[in-house]
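Colleague: What follows is upload-v9.csv; its format and atoms are CSV, C-alpha atoms.
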chain,number,residue,atom,x,y,z
A,1,MET,CA,-8.3,-11.2,-1.1
A,2,ASN,CA,-7.0,-11.2,2.4
A,3,TRP,CA,-8.9,-12.7,5.3
A,4,PHE,CA,-10.1,-9.3,6.7
A,5,LYS,CA,-11.7,-8.3,3.4
A,6,LYS,CA,-13.4,-11.7,3.2
A,7,VAL,CA,-14.9,-11.3,6.7
A,8,LEU,CA,-15.9,-7.7,6.0
A,9,HIS,CA,-17.4,-8.7,2.6
A,10,PHE,CA,-19.4,-11.5,4.4
A,11,PHE,CA,-20.9,-9.2,7.0
A,12,THR,CA,-21.6,-6.1,4.9
A,13,PRO,CA,-23.6,-5.4,1.8
A,14,LEU,CA,-21.7,-5.1,-1.5
A,15,SER,CA,-22.2,-1.3,-2.1
A,16,SER,CA,-21.7,0.0,1.5
A,17,VAL,CA,-18.0,-0.7,2.0
A,18,GLU,CA,-15.1,0.8,0.1
A,19,LEU,CA,-11.8,0.1,1.8
A,20,PRO,CA,-9.0,2.6,1.2
A,21,ASN,CA,-6.2,1.4,-1.0
A,22,PRO,CA,-2.9,2.1,0.8
A,23,LEU,CA,-1.0,2.2,-2.5
A,24,LYS,CA,-3.1,5.2,-3.8
A,25,GLU,CA,-3.0,7.2,-0.6
A,26,LYS,CA,-1.0,10.5,-0.9
A,27,LYS,CA,0.5,12.6,1.8
A,28,PRO,CA,1.7,16.2,1.6
A,29,VAL,CA,5.4,16.7,1.1
A,30,ARG,CA,7.5,19.8,0.5
A,31,ALA,CA,7.7,20.8,-3.1
A,32,ARG,CA,11.2,20.9,-4.7
A,33,ASN,CA,12.6,22.5,-7.9
A,34,LYS,CA,14.9,20.8,-10.4
A,35,LYS,CA,18.0,21.4,-8.3
A,36,GLY,CA,16.3,19.9,-5.2
A,37,HIS,CA,15.8,23.2,-3.4
A,38,TYR,CA,12.5,23.8,-1.5
A,39,ILE,CA,10.0,26.0,-3.3
A,40,ALA,CA,8.5,28.9,-1.2
A,41,ASP,CA,4.8,29.6,-1.0
A,42,ASP,CA,3.6,32.5,-3.2
A,43,PRO,CA,1.9,35.1,-1.0
A,44,SER,CA,-0.1,36.5,-3.9
A,45,THR,CA,-2.2,33.3,-4.1
A,46,PRO,CA,-3.8,32.9,-0.6
A,47,ASN,CA,-6.0,29.8,-1.5
A,48,VAL,CA,-3.1,27.7,-3.0
A,49,ASN,CA,-0.1,26.5,-1.1
A,50,GLU,CA,2.8,26.0,-3.6
A,51,ALA,CA,5.2,24.9,-0.8
A,52,TYR,CA,3.5,21.5,-0.5
A,53,THR,CA,2.5,18.9,-3.1
A,54,LYS,CA,0.9,15.5,-2.8
A,55,ALA,CA,3.1,12.5,-3.2
A,56,PRO,CA,2.3,8.8,-2.9
A,57,LYS,CA,3.2,7.3,0.5
A,58,LYS,CA,6.4,5.2,0.5
A,59,ARG,CA,6.0,1.6,1.3
A,60,GLY,CA,8.2,0.4,4.1
A,61,ARG,CA,11.0,-2.0,3.5
A,62,PRO,CA,10.6,-5.5,4.9
A,63,ARG,CA,12.5,-5.9,8.1
A,64,LYS,CA,15.5,-8.2,8.4
A,65,LYS,CA,14.9,-11.4,10.2
A,66,LYS,CA,17.3,-12.2,12.9
What's the structure tokens form of this structure?

Modeller:
Amino acid sequence: MNWFKKVLHFFTPLSSVELPNPLKEKKPVRARNKKGHYIADDPSTPNVNEAYTKAPKKRGRPRKKK
């Protein structure tokens, strides 16, 4: 548990706070087929966008120290 969660846990009741997990967050990315080409949106399905899918966010690499 990092220090921020400890402070937050100290000042708030147990059931009122749910912190988002950055490892489980997903962002929309362009959908690709097996060859790596972009998939187009199907105009016959107006409520679904096939051109975008949800993928987990990439974690950044640690920076080099000088």

Colleague: So how far away is CA of Ala55 (chain A) from CA of Lys34 (chain A), in Å?

Modeller: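 Between these atoms lies a distance of 16.1 Å.
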
Colleague: CA of Lys24 (chain A) and CA of Lys54 (chain A), how far apart in Å?

Modeller: 11.1 Å

Colleague: Out of A:Thr53, A:Thr12, A:Asn2, A:Thr45, which residue has the shortest atom-to-atom distance to Ala31 (chain A) when counting only C-alpha atoms?

Modeller: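 Of the candidates, the smallest distance to Ala31 (chain A) is held by A:Thr53.
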
Colleague: Show me, as number ranges by chain, the residues that have an atom within 7 Å of Lys57 (chain A) when counting all atoms listed in the file, minus same-chain residues fewer than 4 positions from it.

Modeller: A: 25-27

Colleague: Provide the CA of Ala51 (chain A) to CA of Ile39 (chain A) distance in Å, to one decimal place.

Modeller: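 So the answer is 5.5 Å.
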
Colleague: Excluding Glu50 (chain A) and any residue of its chain fewer than 6 positions from it, enumerate the residues within 12 Å of it, using all atoms listed in the file, and give them as a PDB file with C-alpha atoms, in the frame of the given file.

Modeller:
ATOM      1  CA  PRO A  28       1.700  16.200   1.600  1.00  0.00           C
ATOM      2  CA  VAL A  29       5.400  16.700   1.100  1.00  0.00           C
ATOM      3  CA  ARG A  30       7.500  19.800   0.500  1.00  0.00           C
ATOM      4  CA  ALA A  31       7.700  20.800  -3.100  1.00  0.00           C
ATOM      5  CA  ARG A  32      11.200  20.900  -4.700  1.00  0.00           C
ATOM      6  CA  ASN A  33      12.600  22.500  -7.900  1.00  0.00           C
ATOM      7  CA  TYR A  38      12.500  23.800  -1.500  1.00  0.00           C
ATOM      8  CA  ILE A  39      10.000  26.000  -3.300  1.00  0.00           C
ATOM      9  CA  ALA A  40       8.500  28.900  -1.200  1.00  0.00           C
ATOM     10  CA  ASP A  41       4.800  29.600  -1.000  1.00  0.00           C
ATOM     11  CA  ASP A  42       3.600  32.500  -3.200  1.00  0.00           C
ATOM     12  CA  PRO A  43       1.900  35.100  -1.000  1.00  0.00           C
ATOM     13  CA  SER A  44      -0.100  36.500  -3.900  1.00  0.00           C
TER      14      SER A  44
END

Colleague: Supply region 34-66 of chain A as an mmCIF file, in the frame of the given file, with N, CA and C atoms built in where the input has gaps.

Modeller:
data_model
loop_
_atom_site.group_PDB
_atom_site.id
_atom_site.type_symbol
_atom_site.label_atom_id
_atom_site.label_comp_id
_atom_site.auth_asym_id
_atom_site.auth_seq_id
_atom_site.Cartn_x
_atom_site.Cartn_y
_atom_site.Cartn_z
ATOM 1 N N LYS A 34 14.017 21.709 -9.751
ATOM 2 C CA LYS A 34 14.900 20.800 -10.400
ATOM 3 C C LYS A 34 16.203 20.521 -9.716
ATOM 4 N N LYS A 35 16.701 21.537 -8.998
ATOM 5 C CA LYS A 35 18.000 21.400 -8.300
ATOM 6 C C LYS A 35 17.789 20.721 -6.915
ATOM 7 N N GLY A 36 16.562 20.527 -6.488
ATOM 8 C CA GLY A 36 16.300 19.900 -5.200
ATOM 9 C C GLY A 36 16.083 20.867 -4.074
ATOM 10 N N HIS A 37 16.058 22.156 -4.367
ATOM 11 C CA HIS A 37 15.800 23.200 -3.400
ATOM 12 C C HIS A 37 14.313 23.269 -3.093
ATOM 13 N N TYR A 38 13.951 23.645 -1.856
ATOM 14 C CA TYR A 38 12.500 23.800 -1.500
ATOM 15 C C TYR A 38 11.954 25.016 -2.267
ATOM 16 N N ILE A 39 10.680 24.904 -2.635
ATOM 17 C CA ILE A 39 10.000 26.000 -3.300
ATOM 18 C C ILE A 39 9.164 26.725 -2.219
ATOM 19 N N ALA A 40 9.244 28.049 -2.222
ATOM 20 C CA ALA A 40 8.500 28.900 -1.200
ATOM 21 C C ALA A 40 7.070 29.040 -1.680
ATOM 22 N N ASP A 41 6.204 29.344 -0.708
ATOM 23 C CA ASP A 41 4.800 29.600 -1.000
ATOM 24 C C ASP A 41 4.681 31.028 -1.579
ATOM 25 N N ASP A 42 3.818 31.184 -2.562
ATOM 26 C CA ASP A 42 3.600 32.500 -3.200
ATOM 27 C C ASP A 42 2.515 33.227 -2.424
ATOM 28 N N PRO A 43 2.851 34.364 -1.779
ATOM 29 C CA PRO A 43 1.900 35.100 -1.000
ATOM 30 C C PRO A 43 0.751 35.727 -1.784
ATOM 31 N N SER A 44 0.913 35.876 -3.092
ATOM 32 C CA SER A 44 -0.100 36.500 -3.900
ATOM 33 C C SER A 44 -1.299 35.536 -4.190
ATOM 34 N N THR A 45 -1.117 34.250 -3.894
ATOM 35 C CA THR A 45 -2.200 33.300 -4.100
ATOM 36 C C THR A 45 -2.561 32.715 -2.687
ATOM 37 N N PRO A 46 -3.527 33.330 -1.976
ATOM 38 C CA PRO A 46 -3.800 32.900 -0.600
ATOM 39 C C PRO A 46 -4.520 31.535 -0.519
ATOM 40 N N ASN A 47 -5.202 31.084 -1.568
ATOM 41 C CA ASN A 47 -6.000 29.800 -1.500
ATOM 42 C C ASN A 47 -5.135 28.610 -1.922
ATOM 43 N N VAL A 48 -3.953 28.825 -2.467
ATOM 44 C CA VAL A 48 -3.100 27.700 -3.000
ATOM 45 C C VAL A 48 -1.777 27.758 -2.232
ATOM 46 N N ASN A 49 -1.353 26.601 -1.759
ATOM 47 C CA ASN A 49 -0.100 26.500 -1.100
ATOM 48 C C ASN A 49 0.918 25.801 -2.000
ATOM 49 N N GLU A 50 1.787 26.561 -2.630
ATOM 50 C CA GLU A 50 2.800 26.000 -3.600
ATOM 51 C C GLU A 50 3.917 25.297 -2.867
ATOM 52 N N ALA A 51 4.064 25.512 -1.570
ATOM 53 C CA ALA A 51 5.200 24.900 -0.800
ATOM 54 C C ALA A 51 5.004 23.436 -0.604
ATOM 55 N N TYR A 52 3.778 22.935 -0.714
ATOM 56 C CA TYR A 52 3.500 21.500 -0.500
ATOM 57 C C TYR A 52 2.811 20.915 -1.694
ATOM 58 N N THR A 53 3.160 19.669 -2.003
ATOM 59 C CA THR A 53 2.500 18.900 -3.100
ATOM 60 C C THR A 53 2.079 17.577 -2.491
ATOM 61 N N LYS A 54 1.278 16.845 -3.229
ATOM 62 C CA LYS A 54 0.900 15.500 -2.800
ATOM 63 C C LYS A 54 1.749 14.482 -3.488
ATOM 64 N N ALA A 55 2.260 13.548 -2.711
ATOM 65 C CA ALA A 55 3.100 12.500 -3.200
ATOM 66 C C ALA A 55 2.623 11.159 -2.674
ATOM 67 N N PRO A 56 2.764 10.067 -3.417
ATOM 68 C CA PRO A 56 2.300 8.800 -2.900
ATOM 69 C C PRO A 56 3.158 8.388 -1.668
ATOM 70 N N LYS A 57 2.512 7.705 -0.737
ATOM 71 C CA LYS A 57 3.200 7.300 0.500
ATOM 72 C C LYS A 57 4.235 6.197 0.072
ATOM 73 N N LYS A 58 5.374 6.246 0.727
ATOM 74 C CA LYS A 58 6.400 5.200 0.500
ATOM 75 C C LYS A 58 6.068 3.983 1.237
ATOM 76 N N ARG A 59 6.252 2.875 0.586
ATOM 77 C CA ARG A 59 6.000 1.600 1.300
ATOM 78 C C ARG A 59 7.276 1.254 2.047
ATOM 79 N N GLY A 60 7.089 0.722 3.228
ATOM 80 C CA GLY A 60 8.200 0.400 4.100
ATOM 81 C C GLY A 60 8.960 -0.837 3.555
ATOM 82 N N ARG A 61 10.229 -0.882 3.849
ATOM 83 C CA ARG A 61 11.000 -2.000 3.500
ATOM 84 C C ARG A 61 10.724 -3.181 4.413
ATOM 85 N N PRO A 62 10.821 -4.404 3.951
ATOM 86 C CA PRO A 62 10.600 -5.500 4.900
ATOM 87 C C PRO A 62 11.773 -5.565 5.878
ATOM 88 N N ARG A 63 11.465 -5.883 7.072
ATOM 89 C CA ARG A 63 12.500 -5.900 8.100
ATOM 90 C C ARG A 63 13.333 -7.198 7.994
ATOM 91 N N LYS A 64 14.597 -7.053 8.411
ATOM 92 C CA LYS A 64 15.500 -8.200 8.400
ATOM 93 C C LYS A 64 15.125 -9.156 9.499
ATOM 94 N N LYS A 65 15.167 -10.420 9.183
ATOM 95 C CA LYS A 65 14.900 -11.400 10.200
ATOM 96 C C LYS A 65 16.202 -11.774 10.897
ATOM 97 N N LYS A 66 16.125 -11.881 12.177
ATOM 98 C CA LYS A 66 17.300 -12.200 12.900
ATOM 99 C C LYS A 66 17.565 -13.682 13.007
#
